[in-house]
>>> print(open('final.txt').read())   # compact mmCIF, C-alpha atoms and all ligand atoms
# COMPACT_ATOMS: atom_id res chain seq x y z
CA MET A 1 -52.04 -70.58 -4.93
CA LEU A 2 -48.65 -69.35 -3.68
CA ASN A 3 -45.89 -71.88 -3.91
CA ILE A 4 -42.40 -70.91 -2.80
CA GLN A 5 -39.99 -73.69 -3.65
CA ASP A 6 -36.50 -73.94 -2.16
CA VAL A 7 -35.77 -70.27 -2.61
CA ALA A 8 -32.45 -68.63 -1.78
CA ILE A 9 -32.08 -64.85 -1.64
CA LYS A 10 -28.88 -62.90 -1.98
CA TYR A 11 -28.13 -59.16 -1.82
CA ALA A 12 -25.41 -57.62 -3.97
CA ALA A 13 -23.56 -56.30 -0.90
CA GLN A 14 -23.47 -59.62 0.95
CA PRO A 15 -21.24 -62.56 -0.04
CA GLN A 16 -23.66 -65.20 1.30
CA SER A 17 -27.33 -65.91 0.65
CA ILE A 18 -29.32 -64.40 3.52
CA VAL A 19 -32.23 -66.82 2.98
CA LYS A 20 -31.67 -70.46 2.10
CA ASN A 21 -33.94 -73.36 1.14
CA PHE A 22 -37.13 -71.51 1.92
CA SER A 23 -40.30 -73.32 0.91
CA LEU A 24 -43.89 -72.43 1.68
CA HIS A 25 -47.23 -73.39 0.23
CA VAL A 26 -50.22 -71.13 0.82
CA ALA A 27 -53.69 -72.33 -0.17
CA PRO A 28 -56.57 -70.00 -1.16
CA GLY A 29 -57.99 -68.35 1.97
CA GLU A 30 -55.21 -69.71 4.16
CA ILE A 31 -53.42 -67.51 6.69
CA CYS A 32 -49.75 -68.16 7.14
CA GLY A 33 -47.56 -66.48 9.74
CA ILE A 34 -43.81 -66.01 9.32
CA VAL A 35 -42.09 -65.33 12.62
CA GLY A 36 -38.52 -65.01 13.79
CA GLU A 37 -36.02 -62.65 15.33
CA SER A 38 -35.02 -59.43 13.62
CA GLY A 39 -32.69 -60.05 10.67
CA SER A 40 -33.89 -63.63 10.11
CA GLY A 41 -34.99 -62.80 6.55
CA LYS A 42 -38.76 -62.32 6.89
CA THR A 43 -39.01 -59.04 5.00
CA SER A 44 -36.69 -60.33 2.29
CA ILE A 45 -39.04 -63.26 1.64
CA ILE A 46 -42.08 -61.00 1.32
CA ARG A 47 -40.22 -58.67 -1.02
CA ALA A 48 -38.94 -61.58 -3.11
CA VAL A 49 -42.53 -62.74 -3.64
CA LEU A 50 -43.49 -59.28 -4.89
CA GLY A 51 -40.34 -58.94 -6.99
CA CYS A 52 -39.19 -55.81 -5.21
CA LEU A 53 -36.00 -56.66 -3.34
CA PRO A 54 -33.85 -53.56 -2.78
CA GLY A 55 -30.06 -53.40 -2.92
CA GLY A 56 -29.59 -55.65 -5.96
CA GLY A 57 -31.30 -58.45 -4.06
CA ARG A 58 -32.53 -61.43 -6.06
CA GLY A 59 -33.65 -65.00 -5.81
CA THR A 60 -30.65 -67.17 -6.72
CA ASP A 61 -32.30 -70.55 -6.39
CA GLY A 62 -35.66 -72.22 -6.52
CA ASP A 63 -38.91 -70.80 -7.84
CA ILE A 64 -41.89 -68.76 -6.69
CA LEU A 65 -45.21 -69.73 -8.27
CA PHE A 66 -48.44 -67.80 -8.05
CA GLU A 67 -51.39 -69.73 -9.43
CA ASN A 68 -48.94 -72.10 -11.11
CA GLN A 69 -47.07 -69.31 -12.94
CA SER A 70 -43.49 -68.48 -12.03
CA LEU A 71 -43.17 -64.91 -10.77
CA LEU A 72 -39.41 -64.80 -11.27
CA ALA A 73 -39.55 -64.16 -15.01
CA ASN A 74 -42.30 -61.52 -14.80
CA THR A 75 -41.93 -58.44 -16.98
CA PRO A 76 -42.63 -54.99 -15.45
CA GLU A 77 -45.95 -55.02 -17.32
CA GLN A 78 -46.92 -58.36 -15.76
CA TRP A 79 -46.01 -57.01 -12.32
CA ARG A 80 -48.14 -53.95 -12.90
CA CYS A 81 -51.15 -56.17 -13.52
CA LEU A 82 -50.50 -58.35 -10.48
CA ARG A 83 -49.55 -55.84 -7.81
CA GLY A 84 -52.46 -54.24 -6.06
CA SER A 85 -55.07 -56.28 -7.89
CA GLU A 86 -54.03 -59.93 -7.41
CA ILE A 87 -51.36 -59.54 -4.74
CA SER A 88 -51.30 -56.66 -2.26
CA LEU A 89 -48.71 -55.57 0.27
CA ILE A 90 -49.27 -53.88 3.61
CA PHE A 91 -46.30 -52.32 5.34
CA GLN A 92 -45.53 -51.83 9.00
CA ASP A 93 -46.36 -48.17 8.62
CA ALA A 94 -48.84 -47.60 5.83
CA GLY A 95 -48.67 -43.93 6.76
CA ALA A 96 -45.15 -43.77 5.39
CA MET A 97 -46.32 -44.59 1.88
CA LEU A 98 -48.90 -41.81 1.97
CA ASN A 99 -47.95 -38.40 0.66
CA PRO A 100 -48.04 -36.02 3.67
CA ILE A 101 -49.20 -32.99 1.69
CA ARG A 102 -52.17 -34.58 -0.09
CA THR A 103 -55.50 -35.64 1.36
CA ILE A 104 -56.30 -39.31 1.83
CA GLY A 105 -59.18 -38.93 -0.61
CA SER A 106 -57.12 -37.63 -3.51
CA GLN A 107 -54.50 -40.34 -2.98
CA PHE A 108 -57.07 -43.10 -2.62
CA VAL A 109 -58.91 -42.02 -5.78
CA GLU A 110 -55.65 -41.80 -7.72
CA TYR A 111 -54.54 -45.22 -6.45
CA ILE A 112 -57.79 -46.82 -7.59
CA ARG A 113 -57.67 -45.12 -10.99
CA THR A 114 -54.09 -46.20 -11.72
CA HIS A 115 -55.25 -49.79 -11.39
CA GLN A 116 -58.61 -49.55 -13.04
CA ALA A 117 -60.08 -46.93 -15.36
CA MET A 118 -63.18 -45.41 -13.78
CA PRO A 119 -64.66 -41.95 -13.15
CA LYS A 120 -63.39 -40.09 -10.07
CA LYS A 121 -66.79 -40.19 -8.43
CA GLN A 122 -67.00 -43.94 -8.70
CA ALA A 123 -63.45 -44.37 -7.40
CA TYR A 124 -64.29 -42.14 -4.43
CA ALA A 125 -67.40 -44.19 -3.63
CA LEU A 126 -65.38 -47.40 -3.83
CA GLY A 127 -62.73 -45.96 -1.51
CA LEU A 128 -65.40 -44.86 0.95
CA LYS A 129 -66.92 -48.33 0.97
CA MET A 130 -63.54 -49.87 1.76
CA LEU A 131 -62.95 -47.42 4.63
CA GLU A 132 -66.28 -48.45 6.13
CA ARG A 133 -65.30 -52.12 5.80
CA MET A 134 -62.21 -51.26 7.84
CA GLN A 135 -64.36 -49.77 10.61
CA LEU A 136 -63.58 -46.20 9.70
CA PRO A 137 -67.18 -45.04 9.94
CA ASP A 138 -66.69 -41.36 9.23
CA GLY A 139 -65.13 -42.14 5.88
CA ALA A 140 -65.96 -38.81 4.26
CA ASN A 141 -64.08 -37.04 7.03
CA ILE A 142 -61.10 -39.41 6.64
CA MET A 143 -61.10 -38.73 2.89
CA ARG A 144 -60.81 -34.99 3.56
CA SER A 145 -57.97 -35.44 6.05
CA TYR A 146 -54.23 -35.23 5.59
CA PRO A 147 -52.22 -38.23 6.85
CA PHE A 148 -50.90 -36.32 9.90
CA GLN A 149 -54.45 -35.65 11.06
CA LEU A 150 -55.09 -39.37 11.53
CA SER A 151 -53.92 -41.66 14.32
CA GLY A 152 -51.47 -44.47 13.56
CA GLY A 153 -54.31 -46.99 13.75
CA GLN A 154 -56.47 -44.97 11.36
CA ARG A 155 -53.60 -44.63 8.88
CA GLN A 156 -52.98 -48.37 9.04
CA ARG A 157 -56.66 -49.03 8.36
CA VAL A 158 -56.46 -46.71 5.36
CA GLY A 159 -53.44 -48.69 4.13
CA ILE A 160 -55.28 -51.99 4.50
CA ALA A 161 -58.40 -50.53 2.86
CA MET A 162 -56.25 -49.51 -0.12
CA GLY A 163 -54.62 -52.93 -0.23
CA MET A 164 -58.02 -54.63 -0.27
CA VAL A 165 -59.83 -52.48 -2.87
CA PHE A 166 -59.44 -54.96 -5.68
CA GLN A 167 -60.01 -57.97 -3.46
CA PRO A 168 -56.60 -59.47 -4.07
CA LYS A 169 -56.26 -63.21 -3.80
CA LEU A 170 -53.15 -62.78 -1.69
CA LEU A 171 -52.34 -60.18 0.94
CA LEU A 172 -48.75 -59.88 2.13
CA ALA A 173 -48.47 -58.04 5.43
CA ASP A 174 -45.06 -57.12 6.85
CA GLU A 175 -45.39 -56.35 10.57
CA PRO A 176 -48.73 -54.61 9.90
CA THR A 177 -49.49 -53.93 13.55
CA SER A 178 -46.04 -53.53 15.09
CA ALA A 179 -46.18 -49.74 15.21
CA LEU A 180 -49.55 -49.70 16.99
CA ASP A 181 -50.70 -49.93 20.59
CA VAL A 182 -52.02 -53.28 21.82
CA THR A 183 -55.73 -52.46 21.61
CA THR A 184 -55.45 -51.11 18.07
CA GLN A 185 -53.33 -54.14 17.12
CA ALA A 186 -56.09 -56.46 18.24
CA GLN A 187 -58.72 -54.51 16.27
CA ILE A 188 -56.65 -54.54 13.08
CA VAL A 189 -56.01 -58.24 13.43
CA ARG A 190 -59.74 -58.93 13.82
CA GLN A 191 -60.46 -56.87 10.74
CA MET A 192 -57.90 -58.77 8.70
CA LEU A 193 -59.59 -62.01 9.79
CA GLN A 194 -62.91 -60.51 8.78
CA LEU A 195 -61.52 -59.70 5.31
CA ARG A 196 -60.40 -63.26 4.91
CA LYS A 197 -63.88 -64.43 5.83
CA GLN A 198 -65.57 -61.97 3.48
CA TYR A 199 -63.31 -62.28 0.45
CA GLY A 200 -61.45 -65.55 0.96
CA THR A 201 -58.15 -63.67 0.81
CA ALA A 202 -55.06 -65.71 1.58
CA ILE A 203 -52.77 -63.80 3.94
CA VAL A 204 -49.06 -64.11 4.65
CA ILE A 205 -48.34 -62.12 7.78
CA VAL A 206 -44.82 -61.41 8.94
CA THR A 207 -44.44 -60.62 12.60
CA HIS A 208 -41.91 -60.96 15.38
CA ASN A 209 -44.85 -61.63 17.71
CA ILE A 210 -45.40 -65.38 17.59
CA GLY A 211 -48.50 -64.93 19.76
CA LEU A 212 -50.14 -62.81 17.10
CA ALA A 213 -49.20 -65.37 14.46
CA ALA A 214 -50.68 -68.15 16.58
CA TYR A 215 -53.90 -66.20 17.00
CA MET A 216 -54.34 -65.47 13.30
CA ALA A 217 -52.56 -68.09 11.32
CA ASP A 218 -53.51 -71.58 10.19
CA LYS A 219 -49.84 -72.30 9.73
CA ILE A 220 -46.72 -70.74 11.23
CA VAL A 221 -43.19 -70.76 9.84
CA VAL A 222 -40.41 -70.03 12.33
CA MET A 223 -37.35 -68.40 10.75
CA LYS A 224 -33.87 -68.33 12.21
CA LYS A 225 -30.89 -66.76 10.42
CA GLY A 226 -32.38 -67.20 6.95
CA CYS A 227 -33.47 -70.80 7.43
CA ILE A 228 -36.74 -72.42 8.46
CA GLU A 229 -36.35 -73.55 12.05
CA GLU A 230 -39.69 -75.35 12.02
CA GLN A 231 -43.26 -75.00 10.88
CA GLY A 232 -46.65 -76.13 12.08
CA ASN A 233 -49.92 -74.97 13.58
CA ARG A 234 -50.37 -73.45 17.03
CA GLU A 235 -50.74 -76.80 18.81
CA GLN A 236 -47.64 -78.20 17.15
CA LEU A 237 -45.55 -75.18 18.09
CA GLN A 238 -46.68 -75.37 21.69
CA LYS A 239 -45.01 -78.77 21.86
CA THR A 240 -41.84 -77.51 20.18
CA GLN A 241 -38.50 -79.19 20.82
CA SER A 242 -36.63 -76.13 19.54
CA ALA A 243 -35.04 -73.90 22.19
CA TYR A 244 -35.24 -71.00 19.71
CA THR A 245 -39.01 -71.39 19.16
CA ARG A 246 -39.49 -71.86 22.90
CA ALA A 247 -37.68 -68.57 23.56
CA LEU A 248 -39.94 -66.79 21.04
CA LEU A 249 -43.02 -68.30 22.72
CA ASP A 250 -41.86 -67.27 26.17
CA ALA A 251 -41.29 -63.69 25.03
CA VAL A 252 -44.87 -63.25 23.77
CA PRO A 253 -46.79 -60.31 25.12
CA SER A 254 -50.52 -60.93 25.55
CA LEU A 255 -53.05 -59.58 23.08
CA GLU A 256 -55.56 -57.56 25.15
CA GLY A 257 -54.98 -59.69 28.20
CA GLU A 258 -55.51 -62.93 26.32
CA ARG A 259 -52.72 -65.31 25.43
CA TYR A 260 -53.00 -67.59 22.45
CA VAL A 261 -49.80 -69.51 22.97
N1 LIG B 301 -31.01 -53.82 1.04
C1 LIG B 301 -30.22 -54.73 1.64
N2 LIG B 301 -28.93 -54.89 1.25
C2 LIG B 301 -28.12 -55.80 1.84
N3 LIG B 301 -28.52 -56.61 2.83
C3 LIG B 301 -29.78 -56.52 3.27
C4 LIG B 301 -30.71 -55.58 2.69
N4 LIG B 301 -31.90 -55.72 3.33
C5 LIG B 301 -31.73 -56.68 4.25
N5 LIG B 301 -30.48 -57.17 4.22
C6 LIG B 301 -29.92 -58.23 5.09
O1 LIG B 301 -30.73 -59.38 5.00
C7 LIG B 301 -30.89 -60.00 6.27
C8 LIG B 301 -32.35 -60.24 6.56
O2 LIG B 301 -33.03 -59.01 6.66
P1 LIG B 301 -34.61 -58.90 6.68
O3 LIG B 301 -35.17 -59.71 5.57
O4 LIG B 301 -34.96 -57.47 6.73
O5 LIG B 301 -34.97 -59.62 8.06
P2 LIG B 301 -36.24 -59.44 9.02
O6 LIG B 301 -37.35 -58.85 8.23
O7 LIG B 301 -36.51 -60.83 9.51
O8 LIG B 301 -35.81 -58.55 10.13
C9 LIG B 301 -30.21 -59.09 7.28
O9 LIG B 301 -28.99 -59.68 7.63
C10 LIG B 301 -29.97 -57.81 6.53
O10 LIG B 301 -28.76 -57.22 6.91
MG MG B 302 -38.50 -57.17 8.59
>>> encode(input="final.txt", output="structure tokens")
Amino acid sequence: MLNIQDVAIKYAAQPQSIVKNFSLHVAPGEICGIVGESGSGKTSIIRAVLGCLPGGGRGTDGDILFENQSLLANTPEQWRCLRGSEISLIFQDAGAMLNPIRTIGSQFVEYIRTHQAMPKKQAYALGLKMLERMQLPDGANIMRSYPFQLSGGQRQRVGIAMGMVFQPKLLLADEPTSALDVTTQAQIVRQMLQLRKQYGTAIVIVTHNIGLAAYMADKIVVMKKGCIEEQGNREQLQKTQSAYTRALLDAVPSLEGERYV
């Protein structure tokens, strides 16, 4: 469904491409992890897929196909139809995209109604249902709250709930658990797996924690300085010949006392 073919990415301020020859194929319902040290180009790849590179960034080579259509030539109108409904993005800190002086409920309802015309009441009910799916049982209370009244884990669940409202075919998650404590991280990860099971959502998760990627992902891409160092499943990476991948593996903290790599 997502086919990234030999893509290079360049920012206006940098003379060289910061990502080169990046290719990735993601099948429906597949979970793919992109790992690598800070600055290796992970966020740039995610943003290139969604057509929202900052700083004059653009794809200079290759193609990005979503359901066999190139995304590179999309008009703003085509993006508006895709984002949020077919392809969703979850940030490291979903709280940061929430307006601090408005309740979760009013923002959630507005978000739903910008994507799909429906009465406020219906949008509210839909939002509430999604909060419950994300194990936020007292949804009505969450809806009444301001972002600062929620914990980081609760805010992140709200962000994922918003991202999943329209059951996108593809969820892009950039370090979605990095700002959270280990227990909350594990819960969020389980819920993302649950969403995949329920809706068949394909997920591309960017993380610097290769252990988390190994736990979640069917396929892992290891990035180093803008290039693919190697890719494979958990078993293949365990047998890696790459000193770089080995160092990432050795640095893995455990997820709730369990190690997956
Ligand atoms: N807005 C920008 N303008 C110029 N260069 C950028 C911009 N954003 C990121 N970069 C550069 O691109 C490279 C990769 O960054 P990034 O994709 O954020 O990596 P990662 O997410 O793996 O940490 C870095 O060298 C960074 O300096
Ligand atoms: Mg990043």
>>> atom_distance(input="final.txt", atom1="atom C8 of ligand LIG 301 (chain B)", atom2="CA of Gly55 in chain A")
11.9 Å
>>> closest_atom_pairs(input="final.txt", of="range 49-139 of chain A", to="range 181-204 of chain A", cutoff="12 Å", atoms="only C-alpha atoms", output="tab-separated table")
residue	atom	partner	partner_atom	distance
A:Val49	CA	A:Val204	CA	10.6
A:Phe66	CA	A:Ala202	CA	11.9
A:Ser85	CA	A:Thr201	CA	11.8
A:Glu86	CA	A:Thr201	CA	9.9
A:Ile87	CA	A:Ala202	CA	9.6
A:Ser88	CA	A:Ile203	CA	9.6
A:Leu89	CA	A:Val204	CA	9.6
A:Ile90	CA	A:Val204	CA	10.3
A:Gln92	CA	A:Gln185	CA	11.5
A:Met130	CA	A:Leu195	CA	10.6
A:Leu131	CA	A:Gln191	CA	11.5
A:Glu132	CA	A:Gln191	CA	11.2
A:Arg133	CA	A:Gln191	CA	8.4
A:Met134	CA	A:Gln191	CA	6.6
A:Gln135	CA	A:Gln191	CA	8.1
A:Leu136	CA	A:Gln191	CA	11.2
>>> residues_near_ligand(input="final.txt", ligand="ligand MG 302 (chain B)", cutoff="9 Å", atoms="all atoms listed in the file", output="MDAnalysis selection string")
chainID A and resid 38:44 46 92 174:175 206:208
>>> closest_residue(input="final.txt", among="A:Val19, A:Ile210, A:Glu30, A:Ile101", to="Leu170 in chain A", atoms="all atoms listed in the file")
A:Glu30
>>> closest_residue(input="final.txt", among="A:Pro15, A:Gly33, A:Gly153, A:Gly56", to="Ala217 in chain A", atoms="only C-alpha atoms")
A:Gly33
>>> closest_residue(input="final.txt", among="A:Asn3, A:Val221, A:Asp250, A:Lys129", to="ligand LIG 301 (chain B)", atoms="all atoms listed in the file")
A:Val221
>>> atom_distance(input="final.txt", atom1="CA of Leu150 in chain A", atom2="CA of Ala94 in chain A")
11.8 Å
>>> residues_around(input="final.txt", residues="range 112-115 of chain A", least_positions_apart="4", cutoff="9 Å", atoms="all atoms listed in the file", output="number ranges by chain")
A: 80-81, 84-85, 107-108, 119-120, 123-124, 126-127, 162, 165-166
>>> atom_distance(input="final.txt", atom1="CA of Ser145 in chain A", atom2="CA of Pro100 in chain A")
10.2 Å
>>> closest_residue(input="final.txt", among="A:Ala214, A:Val158, A:Ala27, A:Ala48", to="ligand LIG 301 (chain B)", atoms="only C-alpha atoms and all ligand atoms")
A:Ala48
>>> residues_around(input="final.txt", residues="Ala8 in chain A", least_positions_apart="2", cutoff="12 Å", atoms="all atoms listed in the file", output="PyMOL selection string")
chain A and resi 4-6+10-11+16-23+41+44-45+48-49+57-64+226-228
>>> closest_residue(input="final.txt", among="A:Leu2, A:Pro28, A:Ile205, A:Asn68", to="ligand LIG 301 (chain B)", atoms="all atoms listed in the file")
A:Ile205
>>> closest_residue(input="final.txt", among="A:Met1, A:Ala73, A:Met97, A:Met223", to="ligand LIG 301 (chain B)", atoms="only C-alpha atoms and all ligand atoms")
A:Met223
>>> residues_around(input="final.txt", residues="Ala96 in chain A", least_positions_apart="2", cutoff="10 Å", atoms="all atoms listed in the file", output="ChimeraX atom specification")
/A:91-94,98-100,147,155-156,159
>>> axis_aligned_box(input="final.txt", around="ligand LIG 301 (chain B)", padding_each_side="8 Å", output="AutoDock Vina command-line options")
--center_x -32.7 --center_y -57.3 --center_z 5.6 --size_x 25.2 --size_y 23.0 --size_z 25.1
>>> build_atoms(input="final.txt", residues="range 97-123 of chain A", atoms="N, CA and C atoms", output="PDB file, in the frame of the given file")
ATOM      1  N   MET A  97     -46.192 -44.574   3.339  1.00  0.00           N
ATOM      2  CA  MET A  97     -46.320 -44.590   1.880  1.00  0.00           C
ATOM      3  C   MET A  97     -47.309 -43.524   1.392  1.00  0.00           C
ATOM      4  N   LEU A  98     -47.974 -42.875   2.351  1.00  0.00           N
ATOM      5  CA  LEU A  98     -48.900 -41.810   1.970  1.00  0.00           C
ATOM      6  C   LEU A  98     -48.141 -40.500   1.824  1.00  0.00           C
ATOM      7  N   ASN A  99     -48.554 -39.708   0.853  1.00  0.00           N
ATOM      8  CA  ASN A  99     -47.950 -38.400   0.660  1.00  0.00           C
ATOM      9  C   ASN A  99     -48.487 -37.436   1.735  1.00  0.00           C
ATOM     10  N   PRO A 100     -47.576 -36.823   2.532  1.00  0.00           N
ATOM     11  CA  PRO A 100     -48.040 -36.020   3.670  1.00  0.00           C
ATOM     12  C   PRO A 100     -48.792 -34.748   3.269  1.00  0.00           C
ATOM     13  N   ILE A 101     -48.578 -34.272   2.039  1.00  0.00           N
ATOM     14  CA  ILE A 101     -49.200 -32.990   1.690  1.00  0.00           C
ATOM     15  C   ILE A 101     -50.419 -33.146   0.780  1.00  0.00           C
ATOM     16  N   ARG A 102     -50.921 -34.394   0.684  1.00  0.00           N
ATOM     17  CA  ARG A 102     -52.170 -34.580  -0.090  1.00  0.00           C
ATOM     18  C   ARG A 102     -53.188 -35.302   0.760  1.00  0.00           C
ATOM     19  N   THR A 103     -54.459 -35.006   0.540  1.00  0.00           N
ATOM     20  CA  THR A 103     -55.500 -35.640   1.360  1.00  0.00           C
ATOM     21  C   THR A 103     -55.564 -37.136   1.048  1.00  0.00           C
ATOM     22  N   ILE A 104     -56.091 -37.869   2.014  1.00  0.00           N
ATOM     23  CA  ILE A 104     -56.300 -39.310   1.830  1.00  0.00           C
ATOM     24  C   ILE A 104     -57.171 -39.538   0.598  1.00  0.00           C
ATOM     25  N   GLY A 105     -58.233 -38.742   0.492  1.00  0.00           N
ATOM     26  CA  GLY A 105     -59.180 -38.930  -0.610  1.00  0.00           C
ATOM     27  C   GLY A 105     -58.515 -38.835  -1.970  1.00  0.00           C
ATOM     28  N   SER A 106     -57.698 -37.788  -2.176  1.00  0.00           N
ATOM     29  CA  SER A 106     -57.120 -37.630  -3.510  1.00  0.00           C
ATOM     30  C   SER A 106     -56.140 -38.770  -3.793  1.00  0.00           C
ATOM     31  N   GLN A 107     -55.438 -39.241  -2.763  1.00  0.00           N
ATOM     32  CA  GLN A 107     -54.500 -40.340  -2.980  1.00  0.00           C
ATOM     33  C   GLN A 107     -55.223 -41.665  -3.218  1.00  0.00           C
ATOM     34  N   PHE A 108     -56.307 -41.848  -2.490  1.00  0.00           N
ATOM     35  CA  PHE A 108     -57.070 -43.100  -2.620  1.00  0.00           C
ATOM     36  C   PHE A 108     -57.682 -43.174  -4.028  1.00  0.00           C
ATOM     37  N   VAL A 109     -58.284 -42.064  -4.453  1.00  0.00           N
ATOM     38  CA  VAL A 109     -58.910 -42.020  -5.780  1.00  0.00           C
ATOM     39  C   VAL A 109     -57.860 -42.267  -6.864  1.00  0.00           C
ATOM     40  N   GLU A 110     -56.698 -41.614  -6.718  1.00  0.00           N
ATOM     41  CA  GLU A 110     -55.650 -41.800  -7.720  1.00  0.00           C
ATOM     42  C   GLU A 110     -55.175 -43.253  -7.743  1.00  0.00           C
ATOM     43  N   TYR A 111     -54.991 -43.825  -6.549  1.00  0.00           N
ATOM     44  CA  TYR A 111     -54.540 -45.220  -6.450  1.00  0.00           C
ATOM     45  C   TYR A 111     -55.510 -46.153  -7.187  1.00  0.00           C
ATOM     46  N   ILE A 112     -56.790 -45.961  -6.946  1.00  0.00           N
ATOM     47  CA  ILE A 112     -57.790 -46.820  -7.590  1.00  0.00           C
ATOM     48  C   ILE A 112     -57.737 -46.648  -9.106  1.00  0.00           C
ATOM     49  N   ARG A 113     -57.618 -45.383  -9.548  1.00  0.00           N
ATOM     50  CA  ARG A 113     -57.670 -45.120 -10.990  1.00  0.00           C
ATOM     51  C   ARG A 113     -56.406 -45.540 -11.738  1.00  0.00           C
ATOM     52  N   THR A 114     -55.270 -45.682 -11.007  1.00  0.00           N
ATOM     53  CA  THR A 114     -54.090 -46.200 -11.720  1.00  0.00           C
ATOM     54  C   THR A 114     -54.242 -47.694 -11.984  1.00  0.00           C
ATOM     55  N   HIS A 115     -55.079 -48.359 -11.183  1.00  0.00           N
ATOM     56  CA  HIS A 115     -55.250 -49.790 -11.390  1.00  0.00           C
ATOM     57  C   HIS A 115     -56.436 -50.115 -12.285  1.00  0.00           C
ATOM     58  N   GLN A 116     -57.407 -49.249 -12.287  1.00  0.00           N
ATOM     59  CA  GLN A 116     -58.610 -49.550 -13.040  1.00  0.00           C
ATOM     60  C   GLN A 116     -59.249 -48.244 -13.516  1.00  0.00           C
ATOM     61  N   ALA A 117     -59.491 -48.152 -14.824  1.00  0.00           N
ATOM     62  CA  ALA A 117     -60.080 -46.930 -15.360  1.00  0.00           C
ATOM     63  C   ALA A 117     -61.509 -46.781 -14.868  1.00  0.00           C
ATOM     64  N   MET A 118     -61.796 -45.695 -14.179  1.00  0.00           N
ATOM     65  CA  MET A 118     -63.180 -45.410 -13.780  1.00  0.00           C
ATOM     66  C   MET A 118     -63.293 -43.926 -13.431  1.00  0.00           C
ATOM     67  N   PRO A 119     -64.497 -43.360 -13.494  1.00  0.00           N
ATOM     68  CA  PRO A 119     -64.660 -41.950 -13.150  1.00  0.00           C
ATOM     69  C   PRO A 119     -64.278 -41.689 -11.695  1.00  0.00           C
ATOM     70  N   LYS A 120     -63.817 -40.448 -11.424  1.00  0.00           N
ATOM     71  CA  LYS A 120     -63.390 -40.090 -10.070  1.00  0.00           C
ATOM     72  C   LYS A 120     -64.460 -40.366  -9.026  1.00  0.00           C
ATOM     73  N   LYS A 121     -65.679 -40.032  -9.375  1.00  0.00           N
ATOM     74  CA  LYS A 121     -66.790 -40.190  -8.430  1.00  0.00           C
ATOM     75  C   LYS A 121     -66.957 -41.632  -7.995  1.00  0.00           C
ATOM     76  N   GLN A 122     -66.850 -42.505  -8.964  1.00  0.00           N
ATOM     77  CA  GLN A 122     -67.000 -43.940  -8.700  1.00  0.00           C
ATOM     78  C   GLN A 122     -65.834 -44.450  -7.857  1.00  0.00           C
ATOM     79  N   ALA A 123     -64.631 -43.964  -8.173  1.00  0.00           N
ATOM     80  CA  ALA A 123     -63.450 -44.370  -7.400  1.00  0.00           C
ATOM     81  C   ALA A 123     -63.586 -43.894  -5.958  1.00  0.00           C
TER      82      ALA A 123
END
